[in-house]
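Text of model.cif, listed as mmCIF, C-alpha atoms:
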data_target
loop_
_atom_site.label_atom_id
_atom_site.label_comp_id
_atom_site.auth_asym_id
_atom_site.auth_seq_id
_atom_site.Cartn_x
_atom_site.Cartn_y
_atom_site.Cartn_z
CA MET A 969 7.74 56.36 24.09
CA THR A 970 11.31 55.64 25.03
CA LEU A 971 10.36 52.13 26.18
CA THR A 972 8.70 51.17 22.92
CA LEU A 973 11.78 52.21 21.07
CA GLU A 974 14.13 50.31 23.37
CA ARG A 975 12.22 47.01 23.64
CA PRO A 976 12.72 45.83 20.07
CA GLN A 977 16.38 46.67 20.28
CA ARG A 978 16.84 44.48 23.37
CA GLU A 979 14.92 41.63 21.79
CA ALA A 980 16.97 41.85 18.64
CA ALA A 981 20.16 41.68 20.64
CA THR A 982 19.12 38.43 22.32
CA ARG A 983 17.63 36.69 19.23
CA PRO A 984 19.74 33.96 17.67
CA LEU A 985 21.33 34.72 14.35
CA GLY A 986 18.96 34.13 11.43
CA ALA A 987 15.81 34.06 13.58
CA ASP A 988 14.28 36.94 11.65
CA TYR A 989 14.96 35.21 8.38
CA ALA A 990 13.49 31.92 9.63
CA GLU A 991 10.42 33.72 10.90
CA ALA A 992 9.96 35.48 7.59
CA LEU A 993 10.23 32.16 5.78
CA GLN A 994 7.65 30.58 8.07
CA ARG A 995 5.27 33.48 7.52
CA GLN A 996 5.76 33.28 3.78
CA SER A 997 5.23 29.51 3.83
CA ARG A 998 2.08 29.86 5.98
CA HIS A 999 0.57 32.40 3.62
CA ARG A 1000 1.50 30.29 0.62
CA ASN A 1001 -0.06 27.15 2.14
CA VAL A 1002 -3.24 29.02 2.97
CA PHE A 1003 -3.44 30.15 -0.64
CA ILE A 1004 -2.78 26.63 -1.91
CA SER A 1005 -5.45 25.21 0.45
CA TRP A 1006 -7.95 27.76 -0.79
CA SER A 1007 -7.19 27.22 -4.46
CA TRP A 1008 -7.14 23.43 -4.17
CA SER A 1009 -10.42 23.38 -2.31
CA ILE A 1010 -12.04 24.24 -5.62
CA ILE A 1011 -11.29 20.58 -6.52
CA PRO A 1012 -12.59 18.75 -3.41
CA GLU A 1013 -11.03 15.34 -4.10
CA LEU A 1014 -7.58 16.93 -4.29
CA ALA A 1015 -7.95 18.98 -1.15
CA ALA A 1016 -7.84 16.00 1.22
CA GLU A 1017 -4.13 16.18 2.03
CA SER A 1018 -3.13 19.72 1.20
CA PRO A 1019 -1.14 21.58 2.26
CA PRO A 1020 1.78 19.24 1.82
CA ASN A 1021 3.96 18.00 4.63
CA PHE A 1022 6.71 15.77 3.34
CA ALA A 1023 8.57 15.52 6.63
CA PHE A 1024 5.48 14.25 8.43
CA LEU A 1025 4.66 11.69 5.72
CA ARG A 1026 8.21 10.45 5.61
CA GLU A 1027 8.50 10.07 9.37
CA ARG A 1028 5.14 8.32 9.58
CA GLU A 1029 6.13 5.73 6.98
CA VAL A 1030 9.65 5.28 8.37
CA ALA A 1031 8.07 4.50 11.75
CA LYS A 1032 5.74 2.01 10.06
CA ILE A 1033 8.68 0.36 8.25
CA ARG A 1034 10.60 0.09 11.54
CA SER A 1035 7.56 -1.65 13.05
CA PHE A 1036 7.84 -4.38 10.38
CA ALA A 1037 10.85 -5.71 12.31
CA ALA A 1038 8.47 -6.81 15.07
CA LEU A 1039 6.23 -8.85 12.73
CA PRO A 1040 6.52 -12.55 13.57
CA SER A 1041 6.48 -15.22 10.89
CA ASN A 1042 2.93 -15.94 9.68
CA TRP A 1043 2.08 -12.23 10.13
CA ASP A 1044 -0.46 -12.49 7.30
CA SER A 1045 -2.11 -15.73 8.58
CA TYR A 1046 -0.96 -17.45 5.37
CA GLY A 1047 2.54 -18.39 6.55
CA ALA A 1048 4.55 -15.37 5.37
CA PRO A 1049 8.15 -15.19 6.65
CA VAL A 1050 9.49 -12.33 8.80
CA ILE A 1051 10.44 -9.12 7.02
CA SER A 1052 14.12 -9.07 6.15
CA PRO A 1053 16.27 -6.59 8.16
CA LEU A 1054 18.09 -5.76 4.90
CA ALA A 1055 14.79 -4.77 3.26
CA ILE A 1056 13.88 -2.60 6.26
CA GLN A 1057 17.28 -0.91 6.21
CA SER A 1058 17.10 -0.34 2.46
CA ALA A 1059 13.57 1.12 2.63
CA ILE A 1060 14.50 3.54 5.42
CA GLU A 1061 17.70 4.60 3.66
CA LEU A 1062 15.73 5.28 0.49
CA MET A 1063 13.09 7.39 2.21
CA GLN A 1064 15.73 9.43 4.00
CA GLN A 1065 17.62 10.30 0.81
CA PRO A 1066 16.95 13.96 -0.05
CA ALA A 1067 16.50 13.05 -3.73
CA PHE A 1068 13.62 10.70 -2.90
CA ILE A 1069 11.28 13.69 -2.66
CA GLN A 1070 11.65 14.17 -6.42
CA LEU A 1071 9.52 11.08 -7.01
CA LEU A 1072 6.61 12.67 -5.16
CA PRO A 1073 4.07 15.23 -6.29
CA TYR A 1074 4.25 18.53 -4.45
CA TYR A 1075 0.61 18.98 -3.55
CA THR A 1076 -1.02 15.62 -2.76
CA PRO A 1077 1.65 13.05 -1.99
CA HIS A 1078 0.44 9.64 -0.88
CA ILE A 1079 3.20 7.35 0.40
CA ALA A 1080 2.47 4.02 2.01
CA ALA A 1081 4.73 1.14 3.00
CA PHE A 1082 3.59 -2.48 3.09
CA PRO A 1083 5.25 -5.77 4.00
CA LEU A 1084 5.56 -8.32 1.21
CA ARG A 1085 4.93 -12.03 1.53
CA ASN A 1086 8.47 -12.81 0.39
CA GLY A 1087 10.02 -10.89 3.31
CA GLY A 1088 10.47 -7.68 1.30
CA ILE A 1089 8.76 -4.30 1.42
CA GLN A 1090 6.65 -2.36 -1.05
CA LEU A 1091 6.25 1.41 -1.20
CA ASP A 1092 3.18 2.78 -3.01
CA LEU A 1093 3.53 6.34 -4.31
CA ASN A 1094 0.29 7.85 -5.54
CA GLY A 1095 -1.05 11.26 -6.48
CA GLY A 1096 1.73 12.13 -8.91
CA LYS A 1097 2.04 11.90 -12.67
CA ALA A 1098 1.27 8.17 -12.50
CA PRO A 1099 1.16 5.51 -9.76
CA MET A 1100 4.55 4.15 -8.77
CA GLU A 1101 5.57 1.09 -6.80
CA ILE A 1102 8.98 0.53 -5.29
CA GLU A 1103 9.64 -3.10 -4.46
CA ILE A 1104 12.44 -3.83 -2.04
CA ALA A 1105 13.57 -7.43 -2.15
CA PRO A 1106 14.57 -9.32 1.02
CA GLY A 1107 18.19 -8.70 0.03
CA GLY A 1108 17.61 -4.94 -0.10
CA GLU A 1109 17.63 -4.54 -3.90
CA ARG A 1110 15.10 -1.97 -5.14
CA GLU A 1111 12.94 -1.86 -8.25
CA TYR A 1112 11.05 1.28 -9.30
CA THR A 1113 7.96 0.72 -11.48
CA LEU A 1114 5.66 3.32 -13.03
CA PHE A 1115 2.17 2.22 -14.14
CA GLY A 1116 -0.13 3.43 -16.89
CA PRO A 1117 -3.92 3.87 -16.81
CA ASP A 1118 -4.57 0.17 -17.52
CA GLU A 1119 -2.04 -0.88 -14.85
CA GLU A 1120 0.51 -1.65 -17.57
CA VAL A 1121 4.19 -1.16 -16.73
CA LEU A 1122 5.45 2.06 -18.35
CA TRP A 1123 8.99 1.56 -17.13
CA GLU A 1124 10.93 -0.34 -14.53
CA VAL A 1125 14.40 0.61 -13.32
CA PRO A 1126 16.72 -0.47 -10.48
CA THR A 1127 18.17 2.86 -9.30
CA LEU A 1128 16.76 6.00 -7.70
CA ALA A 1129 18.75 8.27 -10.02
CA HIS A 1130 17.36 6.55 -13.10
CA ALA A 1131 13.83 6.60 -11.70
CA ILE A 1132 14.06 10.33 -10.95
CA GLN A 1133 15.34 11.06 -14.43
CA LEU A 1134 12.56 9.07 -16.11
CA TYR A 1135 9.92 10.49 -13.77
CA GLN A 1136 11.00 14.07 -14.41
CA ASP A 1137 10.94 13.44 -18.18
CA PHE A 1138 7.61 11.60 -18.08
CA ASP A 1139 4.74 13.44 -19.72
CA PRO A 1140 1.46 11.83 -18.60
CA VAL A 1141 -0.63 13.60 -21.23
CA SER A 1142 1.27 12.25 -24.19
CA ALA A 1143 1.74 8.85 -22.50
CA TYR A 1144 -1.96 8.45 -21.76
CA LEU A 1145 -3.33 9.93 -24.96
CA GLY A 1146 -0.71 8.38 -27.22
CA MET B 388 -15.76 -33.76 -3.85
CA SER B 389 -14.18 -31.11 -6.05
CA TYR B 390 -15.94 -27.84 -6.76
CA LEU B 391 -15.61 -26.15 -10.12
CA ILE B 392 -14.86 -22.44 -9.72
CA THR B 393 -16.69 -20.35 -12.30
CA PRO B 394 -16.70 -16.60 -13.07
CA GLU B 395 -19.86 -16.29 -10.94
CA ASN B 396 -17.99 -17.31 -7.78
CA HIS B 397 -16.40 -14.96 -5.25
CA LEU B 398 -12.99 -15.55 -3.71
CA ILE B 399 -12.16 -14.29 -0.25
CA ARG B 400 -8.65 -13.33 0.85
CA ARG B 401 -7.80 -12.44 4.43
CA VAL B 402 -6.04 -9.08 4.79
CA PRO B 403 -4.39 -8.27 8.14
CA LYS B 404 -5.55 -5.06 9.81
CA GLN B 405 -2.06 -4.54 11.24
CA PRO B 406 0.03 -3.51 9.47
CA SER B 407 -2.51 -1.74 7.30
CA HIS B 408 -2.77 -2.83 3.67
CA ILE B 409 -4.88 0.11 2.57
CA ALA B 410 -3.42 2.98 0.57
CA ARG B 411 -4.74 6.20 -0.92
CA ASP B 412 -4.81 5.92 -4.72
CA ALA B 413 -4.22 8.75 -7.18
CA ALA B 414 -7.77 10.03 -6.69
CA GLY B 415 -7.33 10.04 -2.93
CA GLN B 416 -9.65 7.05 -2.48
CA LEU B 417 -8.72 4.26 -0.09
CA SER B 418 -7.92 1.02 -1.86
CA LEU B 419 -6.22 -2.30 -1.27
CA THR B 420 -2.50 -2.44 -2.06
CA SER B 421 -1.31 -4.82 -4.75
CA SER B 422 1.18 -6.35 -2.31
CA VAL B 423 -1.64 -8.58 -1.04
CA PHE B 424 -1.62 -10.54 -4.31
CA LYS B 425 2.07 -10.52 -5.15
CA TYR B 426 3.32 -14.05 -5.24
CA ALA B 427 6.02 -15.84 -7.18
CA PRO B 428 5.18 -19.56 -7.34
CA VAL B 429 8.02 -22.03 -6.97
CA THR B 430 6.07 -25.08 -8.13
CA PRO B 431 2.95 -25.28 -10.33
CA ARG B 432 0.88 -26.14 -7.23
CA ASP B 433 1.92 -22.96 -5.41
CA GLY B 434 -0.76 -20.30 -5.43
CA VAL B 435 -2.54 -17.54 -3.59
CA SER B 436 -4.78 -19.02 -0.91
CA VAL B 437 -8.41 -17.93 -0.91
CA ASP B 438 -11.77 -19.27 0.25
CA VAL B 439 -14.72 -19.73 -2.09
CA LEU B 440 -17.60 -17.71 -0.64
CA GLU B 441 -20.28 -19.85 -2.28
CA ILE B 442 -18.98 -23.02 -0.61
CA TRP B 443 -19.20 -21.42 2.81
CA LEU B 444 -22.68 -20.16 1.92
CA THR B 445 -23.87 -23.75 1.50
CA LEU B 446 -23.09 -24.20 5.21
CA GLY B 447 -24.60 -21.00 6.61
CA SER B 448 -25.44 -17.34 6.24
CA GLN B 449 -23.18 -14.71 4.70
CA GLU B 450 -22.14 -13.56 8.19
CA GLN B 451 -21.22 -17.13 9.13
CA ALA B 452 -19.37 -17.58 5.84
CA LEU B 453 -17.25 -14.47 6.39
CA HIS B 454 -16.68 -15.47 10.00
CA GLU B 455 -15.35 -18.89 8.96
CA ALA B 456 -13.26 -17.54 6.10
CA VAL B 457 -11.88 -14.41 7.71
CA PHE B 458 -13.10 -12.99 10.99
CA ARG B 459 -12.32 -15.97 13.22
CA HIS B 460 -8.69 -15.79 12.12
CA VAL B 461 -6.08 -13.81 14.00
CA THR B 462 -2.60 -13.18 12.66
CA ALA B 463 0.51 -14.28 14.55
CA SER B 464 0.88 -10.74 15.84
CA GLY B 465 -2.63 -10.85 17.26
CA ALA B 466 -4.33 -8.59 14.71
CA GLY B 467 -7.71 -9.31 13.17
CA CYS B 468 -8.39 -9.42 9.45
CA VAL B 469 -10.68 -7.79 6.93
CA ALA B 470 -12.15 -9.70 4.00
CA ALA B 471 -11.08 -8.85 0.47
CA VAL B 472 -13.81 -10.26 -1.76
CA LEU B 473 -12.65 -10.81 -5.33
CA PRO B 474 -14.99 -11.83 -8.18
CA ALA B 475 -13.51 -15.03 -9.63
CA ALA B 476 -14.26 -13.63 -13.09
CA VAL B 477 -11.27 -11.26 -12.73
CA PRO B 478 -8.43 -13.80 -12.24
CA LEU B 479 -10.12 -16.23 -14.66
CA SER B 480 -10.38 -13.60 -17.39
CA GLU B 481 -6.71 -12.76 -16.88
CA GLY B 482 -5.69 -16.35 -17.62
CA LEU B 483 -5.12 -17.44 -14.03
CA ASN B 484 -6.40 -20.79 -12.85
CA CYS B 485 -8.64 -21.04 -9.78
CA VAL B 486 -8.86 -24.50 -8.27
CA HIS B 487 -10.72 -25.89 -5.30
CA ASP B 488 -8.20 -27.18 -2.76
CA PRO B 489 -9.95 -28.24 0.46
CA THR B 490 -7.56 -28.66 3.37
CA PRO B 491 -7.88 -31.26 6.14
CA ALA B 492 -7.75 -30.40 9.82
CA ASN B 493 -4.32 -30.21 11.38
CA GLY B 494 -3.10 -29.52 14.90
CA HIS B 495 -3.70 -25.76 14.57
CA GLU B 496 -6.58 -25.34 12.16
CA PRO B 497 -9.89 -27.11 11.53
CA ALA B 498 -10.62 -28.48 8.06
CA ASN B 499 -11.33 -25.85 5.41
CA PRO B 500 -13.75 -27.21 2.79
CA ALA B 501 -13.81 -23.85 0.94
CA HIS B 502 -10.07 -23.41 0.47
CA ALA B 503 -8.96 -22.71 -3.09
CA LEU B 504 -5.83 -21.55 -4.91
CA ILE B 505 -5.27 -18.91 -7.56
CA LEU B 506 -2.58 -20.53 -9.69
CA GLY B 507 -0.29 -18.90 -12.20
CA LEU B 508 2.25 -16.11 -12.31
CA ILE B 509 0.85 -12.91 -10.85
CA ASP B 510 3.01 -10.08 -12.15
CA LYS B 511 2.80 -6.46 -10.99
CA PRO B 512 0.03 -5.26 -13.36
CA LEU B 513 -2.03 -8.34 -12.57
CA ALA B 514 -1.58 -7.89 -8.82
CA ARG B 515 -2.82 -4.30 -9.19
CA LYS B 516 -5.88 -5.43 -11.20
CA LEU B 517 -6.78 -8.07 -8.61
CA ALA B 518 -6.39 -5.62 -5.73
CA LYS B 519 -8.50 -3.00 -7.50
CA ALA B 520 -11.28 -5.51 -8.16
CA CYS B 521 -11.61 -6.41 -4.48
CA VAL B 522 -14.38 -5.22 -2.22
CA LEU B 523 -13.28 -4.90 1.41
CA VAL B 524 -15.63 -6.14 4.12
CA GLU B 525 -14.98 -5.46 7.76
CA GLN B 526 -16.59 -7.21 10.70
CA THR B 527 -19.40 -5.03 11.99
CA THR B 528 -20.13 -6.89 15.23
CA PRO B 529 -17.51 -8.45 17.48
#

How does this structure look as structure tokens?
Amino acid sequence: MTLTLERPQREAATRPLGADYAEALQRQSRHRNVFISWSWSIIPELAAESPPNFAFLREREVAKIRSFAALPSNWDSYGAPVISPLAIQSAIELMQQPAFIQLLPYYTPHIAAFPLRNGGIQLDLNGGKAPMEIEIAPGGEREYTLFGPDEEVLWEVPTLAHAIQLYQDFDPVSAYLG
Amino acid sequence: MSYLITPENHLIRRVPKQPSHIARDAAGQLSLTSSVFKYAPVTPRDGVSVDVLEIWLTLGSQEQALHEAVFRHVTASGAGCVAAVLPAAVPLSEGLNCVHDPTPANGHEPANPAHALILGLIDKPLARKLAKACVLVEQTTP
């Protein structure tokens, strides 16, 4: 009886500060994700990538973007030039900005990076309010474009802050139904 | 002899397997990215290179046609390619011009009698429409 009372006290004394809080958060997050998985499984096509894992997606695509540096010229068999180091740097910087996450849907984010034939990079963001493309020119300049249901351009802006503002204000129901 | 490309024809574009050019769309389905068709022409004769499937079919079976147009090619990084088959009706209906442009043999490549060009400015919406209209075909046997 004495031992069972003493053991937790010893453990608590050796645990790093905040460990209990972190554990509680993890438990809460696990339970929440299980609930989300269950509720989203009602809609099978949306359940494919839930629960969300932004850090994993971001790291996967950053690694892919880094690999573009190794692409030789003619990487597409049609004579495309090498991918510009400035475009690679710009794409990685963008994805590592904390605010970038605001362009993504919470539940089913689809991010994919592709090399462009002009030496730039394209990021495709799907699963949110509307499909978005971010084109990064060989010089590193970015262009954020949101598309409507007929692939028409809804808006196109050059800065992340502006894109976030427009994306947050965007109402797909009224935009799609007029 | 020049070949007139009509809406009934099919245009084949090589898509490298590495890096991948396939993305999940909003519905979670795998689809070709629009980056494959993004191209800003510098001169009026600049265009997106494709092969006309029907020209290759006059020389052999469908498997041979896809082999000649796509599967025998390897990118500079050593990756194989998949075939993106685009109905010519799509670029033609969008106001793009599709012209037969056979290429002679050079030191690296044999002659390509089926080579063609999609001419005209392909903006972002148009690139997305072309990519969406493609059917991807992968080599089933090595």

Practice task
With the file shown as input, list the residues that the PyMOL selection byres ((chain A) within 9 of (chain B)) selects, as number ranges by chain.
Solution key: A: 1013-1014, 1016-1017, 1032, 1035-1036, 1038-1046, 1076-1086, 1089-1090, 1092-1099, 1113, 1115, 1118-1121

Practice task
Could you tell me how far CA of Tyr1074 (chain A) lies from CA of Ile1102 (chain A), in Å and to one decimal?
Solution key: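 Between CA of Tyr1074 (chain A) and CA of Ile1102 (chain A) the gap works out to 18.6 Å.
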
Practice task
List the neighbours of Ser389 (chain B) out to 10 Å using all atoms listed in the file; skip same-chain residues closer than 4 positions along the sequence, and give me the result as number ranges by chain.
Solution key: B: 486-489, 500

Handout entry: Interatomic distance, CA of Ala1067 (chain A) to CA of Val1125 (chain A) (Å, one decimal)
Key =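 For CA of Ala1067 (chain A) relative to CA of Val1125 (chain A), the distance reads 15.8 Å.
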
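Here CA of Trp443 (chain B) stands at a distance of 28.3 Å from CA of Pro1049 (chain A).
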
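Residue nearest Val469 (chain B), chosen from B:Leu391, B:Asp510, B:Ala503, B:Leu523 and counting all atoms listed in the file: B:Leu523.
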